[in-house]
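Have a look at the structure below, then the notes.
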Amino acid sequence: MSRRVSGFLLALAAFMVFEWINLGFNLADGHPTSFYVVHGILIAVNIILALVLAVVVFRSWKPGNRRG
């Protein structure tokens, strides 16, 4: 993985974490419980995906794993 692609994917992972945590704090009161359950699941899944993406990028930075 090239340095440019690695940087982009790491920035994407950071943006995903920031955006979904921000959404979680900005959810307004007054919705049914199912609304919060669904959005909580979406937030959790997207944060997990961002962390997995970040791990893949960091592992690609190990010596001998770089291509390009």
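Chains: A, B, ... in order of the structure tokens. Residues: from 1 per chain. Ligands: from 1, in order shown.
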Contacts of stretch 36-50 of chain A within 9 Å, only C-alpha atoms, excl. fewer than 5 positions in-chain, as a compact mmCIF listing (two decimals) with C-alpha atoms, in the first residue's frame:
# COMPACT_ATOMS: atom_id res chain seq x y z
CA LEU A 10 -6.02 6.80 7.98
CA LEU A 12 -10.88 8.46 6.47
CA ALA A 13 -10.81 6.33 9.62
CA ALA A 14 -10.25 9.40 11.81
CA PHE A 15 -13.08 11.24 10.06
CA MET A 16 -15.43 8.29 10.54
CA VAL A 17 -14.74 8.15 14.27
CA PHE A 18 -15.13 11.92 14.65
CA TRP A 20 -20.15 9.23 14.24
CA ILE A 21 -19.20 10.26 17.78
CA LEU A 23 -23.64 12.38 15.63
CA GLY A 24 -24.07 10.42 18.84
CA LEU A 27 -29.03 13.21 18.69
CA HIS A 31 -37.47 10.13 19.65
CA VAL A 55 -5.27 -1.29 12.15
If you run DSSP on the backbone here, which positions in chain A get alpha helix (DSSP H)? Please write them as number ranges by chain.
A: 3-26, 33-60
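A straight line drawn from atom CA of A:Phe35 to atom CA of A:Glu19 is 18.1 Å long.
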Within 9 Å of A:Phe58, counting only C-alpha atoms, which residues qualify if same-chain residues fewer than 4 places away don't, as a PyMOL selection string?
chain A and resi 6+10+53-54+62
Would you save the residues of that selection, restricted to all heavy atoms, as a PDB file, in the first residue's frame?
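Saved as result-v2.pdb:
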ATOM      1  N   SER A   6      -2.259   5.018   2.183  1.00  0.00           N
ATOM      2  CA  SER A   6      -2.272   4.823   3.636  1.00  0.00           C
ATOM      3  C   SER A   6      -2.725   6.082   4.360  1.00  0.00           C
ATOM      4  O   SER A   6      -3.533   6.029   5.288  1.00  0.00           O
ATOM      5  CB  SER A   6      -0.887   4.419   4.134  1.00  0.00           C
ATOM      6  OG  SER A   6      -0.498   3.190   3.616  1.00  0.00           O
ATOM      7  N   LEU A  10      -6.117   6.418   6.571  1.00  0.00           N
ATOM      8  CA  LEU A  10      -6.022   6.804   7.979  1.00  0.00           C
ATOM      9  C   LEU A  10      -6.852   8.059   8.248  1.00  0.00           C
ATOM     10  O   LEU A  10      -7.538   8.141   9.269  1.00  0.00           O
ATOM     11  CB  LEU A  10      -4.564   7.024   8.360  1.00  0.00           C
ATOM     12  CG  LEU A  10      -4.278   7.120   9.846  1.00  0.00           C
ATOM     13  CD1 LEU A  10      -4.727   5.861  10.562  1.00  0.00           C
ATOM     14  CD2 LEU A  10      -2.809   7.356  10.077  1.00  0.00           C
ATOM     15  N   LEU A  53     -10.020  -0.412   9.937  1.00  0.00           N
ATOM     16  CA  LEU A  53      -9.315   0.260   8.848  1.00  0.00           C
ATOM     17  C   LEU A  53      -7.997   0.851   9.337  1.00  0.00           C
ATOM     18  O   LEU A  53      -6.962   0.718   8.677  1.00  0.00           O
ATOM     19  CB  LEU A  53     -10.202   1.349   8.249  1.00  0.00           C
ATOM     20  CG  LEU A  53      -9.668   2.104   7.051  1.00  0.00           C
ATOM     21  CD1 LEU A  53      -9.411   1.163   5.891  1.00  0.00           C
ATOM     22  CD2 LEU A  53     -10.653   3.184   6.655  1.00  0.00           C
ATOM     23  N   ALA A  54      -8.004   1.474  10.493  1.00  0.00           N
ATOM     24  CA  ALA A  54      -6.781   2.046  11.050  1.00  0.00           C
ATOM     25  C   ALA A  54      -5.751   0.953  11.357  1.00  0.00           C
ATOM     26  O   ALA A  54      -4.552   1.134  11.103  1.00  0.00           O
ATOM     27  CB  ALA A  54      -7.097   2.849  12.303  1.00  0.00           C
ATOM     28  N   LYS A  62       4.433  -1.531   8.531  1.00  0.00           N
ATOM     29  CA  LYS A  62       5.551  -2.316   9.026  1.00  0.00           C
ATOM     30  C   LYS A  62       6.595  -2.487   7.925  1.00  0.00           C
ATOM     31  O   LYS A  62       6.251  -2.583   6.746  1.00  0.00           O
ATOM     32  CB  LYS A  62       5.066  -3.696   9.482  1.00  0.00           C
ATOM     33  CG  LYS A  62       4.328  -3.690  10.783  1.00  0.00           C
ATOM     34  CD  LYS A  62       4.006  -5.108  11.190  1.00  0.00           C
ATOM     35  CE  LYS A  62       3.252  -5.118  12.501  1.00  0.00           C
ATOM     36  NZ  LYS A  62       2.909  -6.485  12.903  1.00  0.00           N
TER      37      LYS A  62
END
Which of these residues is nearest to A:Met1, using only C-alpha atoms: A:Gly30, A:Arg59, A:Leu51, A:Phe25?
A:Arg59
